[in-house]
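Notes for the one structure printed next.
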Amino acid sequence: MTDPASRNRSDFSATRRRFLGTSLAAAGAFTGGSLLTLLPAGAQDLYTCRMQLGWLASNGILGEIAADEKGFYAEEGLKLEIVPGGPNVDGIASVASGSANLGSYSSSPSLMLARSAGIPIKCIAAGYQRHPFTYFSMKSKPVARPEDMIGKKVATNGTARVLLQALLAANDLKEDQLEISVMGSDVAPLLTGQVDVVTGWRTNTPVLVALGDDRVELTLWDAGVQLYANPYYTTDDMLANHKDKVVAMMRASARGWAWAFENRKEAVEMLVKRYPNMVLADELATVDMLMDEYCFNEQTKANGWGQMTRENWQKQIEQYAALGQFQGPVPSVDDIMTLEILEATADVRAKFGA
């Protein structure tokens with residue numbers, strides 16, 4: 001079986017090849033051969049913010065939908081276009097090649113790995129201040145602390161295997177102290193007793209409903225692996241040559257998340273109207289957790305929505321370097337992120353939080 005580090009290196013080698021193979025063609029389709037895709041959108045003379053998601057649309061874009069519905073993008077001279085990701089979509093390559101000019105990915109390590117592989121992208125804001133990735137167990141065999149995993153059967157998806165490795169390393173545990181298997185998104189193996197632990201995002205309401213009140217939660221964050229979720233990113237070219245447009249994009253998003261924080265029910269209704277596959281009751285059940293624990297907390301109360309710190313990024317780099325995850329040179333904090341967009345939007349980034 002291919003080890004997770006090799007698998008990640010292979011994934012980002014493929015991404016880099018796709019980027020190199022498509023960037024020139026993509027650039028030729030846009031003004032002046034740049035990676036900019038902010039094209040005139042009609043008589044209103046708006047420019048398109050083409051936002052590439054790392055996965056399918058979810059409550060992670062609640063603020064963007066609210067901003068679009070309330071006209072905040074238009075007020076910034078923009079038109080929003082959201083491009084869904086999925087299992088067959090390489091969102092990072094899409095942004096790097098210029099097919100999109102803004103991206104939102106599920107987890108911050110993906111951006112670190114991409115940068116190490118030579119892909120010219122950089123994080124500009126953190127959508128979730130804490131990562132919702134969680135290890136779920138049941139009260140009959142509770143795993144409330146990392147050491148409770150010893151002797152347990154732990155099922156996680158293939159791409160999250162490295163997260164488990166990071167958790168074990170952070171708590172001086174070894175893989176041979178537990179039984180690890182690969183799973184999909186189905187939590188049934190936990191309910192039927194086939195495994196003792198399954199993984200998923202704590203903000204996924206259907207999972208919480210399926211597991212019920214007897215579930216026990218151990219979050220990756222509380223276990224010592226403190227990643228950002230839903231990080232926003234763009235290319236070096238956009239930051240160097242079109243910073244004003246990037247600032248406008250993040251101003252609109254920041255305003256949308258602030259409005260959604262104060263108008264939660266209406267914001268969720270906007271999201272479900274835009275994406276009818278979502279269940280209104282499920283999204284309403286999750287929105288308070290989303291807002292009060294992940295999008296806004298004590299950090300955003302002090303520093304505003306989207307804040308992130310150099311210290312947190314440095315710790316992430318060190319954890320992944322220790323696991324041998326980087327394909328190329330270990331990136332620096334300045335390679336991976338910039339605070340300049342947050343600083344330029346400080347006046348509209350709401351300081352809500354506990």
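Ordering of the structure tokens sets the chain letters (A, B, ...); residue numbers start at 1 within each chain; ligands are numbered from 1 in the order shown.
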Legend entry - Selection: 7 Å around range 182-184 of chain A, only C-alpha atoms, excl. self and same-chain fewer than 5 positions, as a PyMOL selection string: chain A and resi 155-158
Please produce a file of those selected residues containing N, CA and C atoms, as a short mmCIF file (atom, residue, chain, number, x, y, z; two decimals), in the first residue's frame.
data_model
loop_
_atom_site.label_atom_id
_atom_site.label_comp_id
_atom_site.auth_asym_id
_atom_site.auth_seq_id
_atom_site.Cartn_x
_atom_site.Cartn_y
_atom_site.Cartn_z
N ALA A 155 -11.51 4.27 11.92
CA ALA A 155 -11.73 4.34 10.47
C ALA A 155 -11.71 5.79 10.03
N THR A 156 -10.91 6.10 9.03
CA THR A 156 -10.84 7.46 8.47
C THR A 156 -10.68 7.36 6.97
N ASN A 157 -10.99 8.43 6.26
CA ASN A 157 -10.84 8.38 4.80
C ASN A 157 -9.36 8.53 4.43
N GLY A 158 -9.05 8.09 3.22
CA GLY A 158 -7.66 8.02 2.80
C GLY A 158 -6.92 9.33 2.87
#
Legend entry - DSSP-assigned strand (DSSP E or B) members of range 166-280 of chain A, reported as a list in words: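 Filtering range 166-280 of chain A to strand (DSSP E or B) leaves Glu179, Ile180, Ser181, Val182, Val197, Val198, Thr199, Gly200, Trp201, Arg215, Val216, Glu217, Leu218, Thr219, Ala229, Asn230, Pro231, Tyr232, Tyr233, Thr234 and Thr235 of chain A.
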Legend entry - Among listed residues A:Ala240, A:Val162, A:Ser58, A:Leu167, nearest Asp222 in chain A (using only C-alpha atoms):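 Comparing A:Ala240, A:Val162, A:Ser58, A:Leu167 against Asp222 in chain A, the winner is A:Leu167.
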Give one line per residue of range 197-299 of chain A that approaches range 329-342 of chain A to at most 8 Å, naming the two atoms of the closest pair and their distance in Å to one decimal, counting only C-alpha atoms; sort by chain then ascending residue number and deliver it as CSV.
residue,atom,partner,partner_atom,distance
A:Val246,CA,A:Ile341,CA,7.5
A:Val247,CA,A:Ile341,CA,5.9
A:Met250,CA,A:Ile341,CA,7.6
Selection export as a compact mmCIF listing (two decimals), in the first residue's frame, atoms kept: all heavy atoms:
# COMPACT_ATOMS: atom_id res chain seq x y z
N VAL A 246 -8.50 41.78 -5.42
CA VAL A 246 -8.51 40.83 -4.32
C VAL A 246 -9.07 41.47 -3.06
O VAL A 246 -9.88 40.88 -2.34
CB VAL A 246 -7.09 40.27 -4.06
CG1 VAL A 246 -7.09 39.30 -2.89
CG2 VAL A 246 -6.54 39.58 -5.31
N VAL A 247 -8.66 42.70 -2.80
CA VAL A 247 -9.19 43.43 -1.65
C VAL A 247 -10.71 43.59 -1.77
O VAL A 247 -11.45 43.38 -0.81
CB VAL A 247 -8.51 44.82 -1.52
CG1 VAL A 247 -9.24 45.70 -0.51
CG2 VAL A 247 -7.06 44.65 -1.13
N MET A 250 -12.52 40.31 -0.91
CA MET A 250 -12.55 40.00 0.50
C MET A 250 -13.37 41.00 1.29
O MET A 250 -13.94 40.66 2.33
CB MET A 250 -11.13 39.90 1.06
CG MET A 250 -10.31 38.76 0.43
SD MET A 250 -11.21 37.18 0.30
CE MET A 250 -11.49 36.81 2.02
Inset, instruction - Fewer than 5 positions away in the same chain doesn't count, so skip those; otherwise give me all residues within 12 Å of Met278 in chain A, counting only C-alpha atoms, as a list of chain:residue names. - result: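 Here the qualifying residues turn out to be A:Leu56, A:Ala57, A:Ser58, A:Asn59, A:Asn204, A:Thr205, A:Pro206, A:Val268, A:Glu269, A:Met270, A:Leu271, A:Val272, A:Lys273, A:Glu283, A:Leu284.
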Please produce a file of the residues just selected, as a tab-separated table (two decimals), in the first residue's frame, where the atoms kept are all heavy atoms.
chain	number	residue	atom	x	y	z
A	56	LEU	N	-17.92	20.40	-2.90
A	56	LEU	CA	-19.25	20.87	-3.28
A	56	LEU	C	-19.69	22.02	-2.37
A	56	LEU	O	-19.16	22.21	-1.28
A	56	LEU	CB	-20.25	19.70	-3.19
A	56	LEU	CG	-19.91	18.48	-4.06
A	56	LEU	CD1	-20.93	17.37	-3.81
A	56	LEU	CD2	-19.87	18.85	-5.53
A	57	ALA	N	-20.67	22.77	-2.83
A	57	ALA	CA	-21.17	23.90	-2.04
A	57	ALA	C	-21.72	23.40	-0.70
A	57	ALA	O	-22.36	22.35	-0.63
A	57	ALA	CB	-22.24	24.64	-2.82
A	58	SER	N	-21.47	24.18	0.36
A	58	SER	CA	-21.92	23.81	1.70
A	58	SER	C	-22.14	25.09	2.49
A	58	SER	O	-22.08	26.20	1.95
A	58	SER	CB	-20.85	22.95	2.39
A	58	SER	OG	-19.71	23.75	2.66
A	59	ASN	N	-22.38	24.93	3.81
A	59	ASN	CA	-22.55	26.12	4.65
A	59	ASN	C	-21.27	26.93	4.76
A	59	ASN	O	-21.27	28.03	5.30
A	59	ASN	CB	-23.07	25.75	6.03
A	59	ASN	CG	-22.22	24.71	6.75
A	59	ASN	OD1	-21.09	24.42	6.36
A	59	ASN	ND2	-22.78	24.12	7.81
A	204	ASN	N	-21.23	19.02	9.91
A	204	ASN	CA	-22.08	18.25	9.00
A	204	ASN	C	-23.28	17.72	9.79
A	204	ASN	O	-23.22	16.66	10.42
A	204	ASN	CB	-21.27	17.10	8.40
A	204	ASN	CG	-22.02	16.37	7.31
A	204	ASN	OD1	-23.25	16.40	7.25
A	204	ASN	ND2	-21.29	15.69	6.45
A	205	THR	N	-24.40	18.42	9.74
A	205	THR	CA	-25.57	18.08	10.55
A	205	THR	C	-26.10	16.68	10.28
A	205	THR	O	-26.45	15.97	11.22
A	205	THR	CB	-26.69	19.12	10.34
A	205	THR	OG1	-26.17	20.40	10.66
A	205	THR	CG2	-27.87	18.82	11.24
A	206	PRO	N	-26.20	16.20	9.03
A	206	PRO	CA	-26.70	14.83	8.82
A	206	PRO	C	-25.89	13.78	9.58
A	206	PRO	O	-26.45	12.79	10.05
A	206	PRO	CB	-26.58	14.66	7.30
A	206	PRO	CG	-26.74	16.04	6.76
A	206	PRO	CD	-26.03	16.92	7.74
A	268	VAL	N	-29.42	31.48	5.98
A	268	VAL	CA	-29.58	30.06	5.67
A	268	VAL	C	-30.65	29.86	4.60
A	268	VAL	O	-30.49	29.04	3.68
A	268	VAL	CB	-29.90	29.26	6.94
A	268	VAL	CG1	-30.33	27.83	6.59
A	268	VAL	CG2	-28.70	29.24	7.88
A	269	GLU	N	-31.72	30.60	4.69
A	269	GLU	CA	-32.78	30.51	3.68
A	269	GLU	C	-32.25	30.90	2.30
A	269	GLU	O	-32.60	30.29	1.28
A	269	GLU	CB	-33.97	31.38	4.08
A	269	GLU	CG	-34.74	30.83	5.28
A	269	GLU	CD	-35.77	31.80	5.83
A	269	GLU	OE1	-35.72	33.01	5.47
A	269	GLU	OE2	-36.63	31.37	6.62
A	270	MET	N	-31.39	31.91	2.25
A	270	MET	CA	-30.76	32.31	0.99
A	270	MET	C	-29.90	31.17	0.43
A	270	MET	O	-29.91	30.89	-0.77
A	270	MET	CB	-29.89	33.54	1.21
A	270	MET	CG	-30.65	34.82	1.49
A	270	MET	SD	-29.48	36.17	1.88
A	270	MET	CE	-30.61	37.55	2.07
A	271	LEU	N	-29.13	30.52	1.32
A	271	LEU	CA	-28.25	29.43	0.90
A	271	LEU	C	-29.05	28.27	0.33
A	271	LEU	O	-28.72	27.74	-0.74
A	271	LEU	CB	-27.42	28.96	2.10
A	271	LEU	CG	-26.48	27.79	1.86
A	271	LEU	CD1	-25.33	28.20	0.94
A	271	LEU	CD2	-25.93	27.25	3.19
A	272	VAL	N	-30.10	27.86	1.03
A	272	VAL	CA	-30.90	26.71	0.60
A	272	VAL	C	-31.67	27.04	-0.68
A	272	VAL	O	-31.85	26.16	-1.54
A	272	VAL	CB	-31.84	26.27	1.74
A	272	VAL	CG1	-32.80	25.18	1.26
A	272	VAL	CG2	-31.03	25.77	2.93
A	273	LYS	N	-32.10	28.28	-0.83
A	273	LYS	CA	-32.76	28.68	-2.06
A	273	LYS	C	-31.81	28.57	-3.24
A	273	LYS	O	-32.20	28.13	-4.34
A	273	LYS	CB	-33.28	30.12	-1.94
A	273	LYS	CG	-34.01	30.61	-3.20
A	273	LYS	CD	-34.50	32.03	-3.01
A	273	LYS	CE	-35.20	32.53	-4.27
A	273	LYS	NZ	-35.67	33.94	-4.11
A	283	GLU	N	-29.57	22.75	8.01
A	283	GLU	CA	-28.70	23.93	8.00
A	283	GLU	C	-29.02	24.88	9.14
A	283	GLU	O	-28.12	25.49	9.73
A	283	GLU	CB	-28.81	24.64	6.65
A	283	GLU	CG	-28.40	23.80	5.45
A	283	GLU	CD	-26.99	23.25	5.56
A	283	GLU	OE1	-26.12	23.94	6.14
A	283	GLU	OE2	-26.75	22.13	5.06
A	284	LEU	N	-30.28	25.01	9.48
A	284	LEU	CA	-30.66	25.85	10.61
A	284	LEU	C	-30.15	25.27	11.93
A	284	LEU	O	-29.77	26.01	12.84
A	284	LEU	CB	-32.18	26.03	10.67
A	284	LEU	CG	-32.79	26.92	9.59
A	284	LEU	CD1	-34.31	26.87	9.65
A	284	LEU	CD2	-32.30	28.36	9.73
Legend entry - Surrounding residues of Trp259 in chain A excluding itself and chain neighbours under 3 positions, 8 Å, only C-alpha atoms, as number ranges by chain: A: 63, 66-67, 255-256, 262-263
Legend entry - Which of A:Lys152, A:Thr203, A:Asn241, A:Asn297 sits closest to Ser181 in chain A [using only C-alpha atoms]: A:Lys152
Inset, instruction - Excluding Ala126 in chain A and residues on its chain fewer than 6 positions from it, collect all residues at most 6 Å away from it, counting only C-alpha atoms, and give them as a PyMOL selection string. - result: chain A and resi 231+306+308
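Between CA of Thr219 in chain A and CA of Gly193 in chain A there is a distance of 20.9 Å.
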Legend entry - Separation of CA of Ala170 in chain A from CA of Met149 in chain A, in Å and rounded to one decimal: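 So the two atoms, CA of Ala170 in chain A and CA of Met149 in chain A, lie 13.5 Å apart.
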Inset, instruction - Please identify which residues in range 304-347 of chain A DSSP calls helix (DSSP H, G or I) from the backbone, and express them as a PyMOL selection string. - result: chain A and resi 310-322+333-336+340-344
Kindly provide the residues of range 99-193 of chain A that approach range 299-304 of chain A to within 12 Å, each paired with its closest atom pair and their distance in Å to one decimal, based on only C-alpha atoms, listed by chain and increasing number, as JSON lines.
{"residue": "A:Ala125", "atom": "CA", "partner": "A:Gly304", "partner_atom": "CA", "distance": 10.6}
{"residue": "A:Ala126", "atom": "CA", "partner": "A:Thr300", "partner_atom": "CA", "distance": 10.4}
{"residue": "A:Gly127", "atom": "CA", "partner": "A:Thr300", "partner_atom": "CA", "distance": 10.6}
{"residue": "A:Tyr128", "atom": "CA", "partner": "A:Thr300", "partner_atom": "CA", "distance": 10.2}
{"residue": "A:Gln129", "atom": "CA", "partner": "A:Gln299", "partner_atom": "CA", "distance": 7.8}
{"residue": "A:Arg130", "atom": "CA", "partner": "A:Gln299", "partner_atom": "CA", "distance": 10.3}
Selection export as an mmCIF file, in the first residue's frame, atoms kept: C-alpha atoms:
data_model
loop_
_atom_site.group_PDB
_atom_site.id
_atom_site.type_symbol
_atom_site.label_atom_id
_atom_site.label_comp_id
_atom_site.auth_asym_id
_atom_site.auth_seq_id
_atom_site.Cartn_x
_atom_site.Cartn_y
_atom_site.Cartn_z
ATOM 1 C CA ALA A 125 -7.711 34.766 5.063
ATOM 2 C CA ALA A 126 -9.005 31.940 7.249
ATOM 3 C CA GLY A 127 -12.717 31.263 6.909
ATOM 4 C CA TYR A 128 -12.899 28.937 9.918
ATOM 5 C CA GLN A 129 -10.788 29.755 12.942
ATOM 6 C CA ARG A 130 -10.834 26.158 14.172
#
Legend entry - Separation of CA of Arg50 in chain A from CA of Gly77 in chain A, in Å and rounded to one decimal: 13.5 Å
Inset, instruction - Find, counting only C-alpha atoms, the residue in A:Ala160, A:Ile124, A:Val225, A:Val287 that gets nearest to Trp305 in chain A. - result: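 Of A:Ala160, A:Ile124, A:Val225, A:Val287, the one nearest Trp305 in chain A is A:Ile124, counting only C-alpha atoms.
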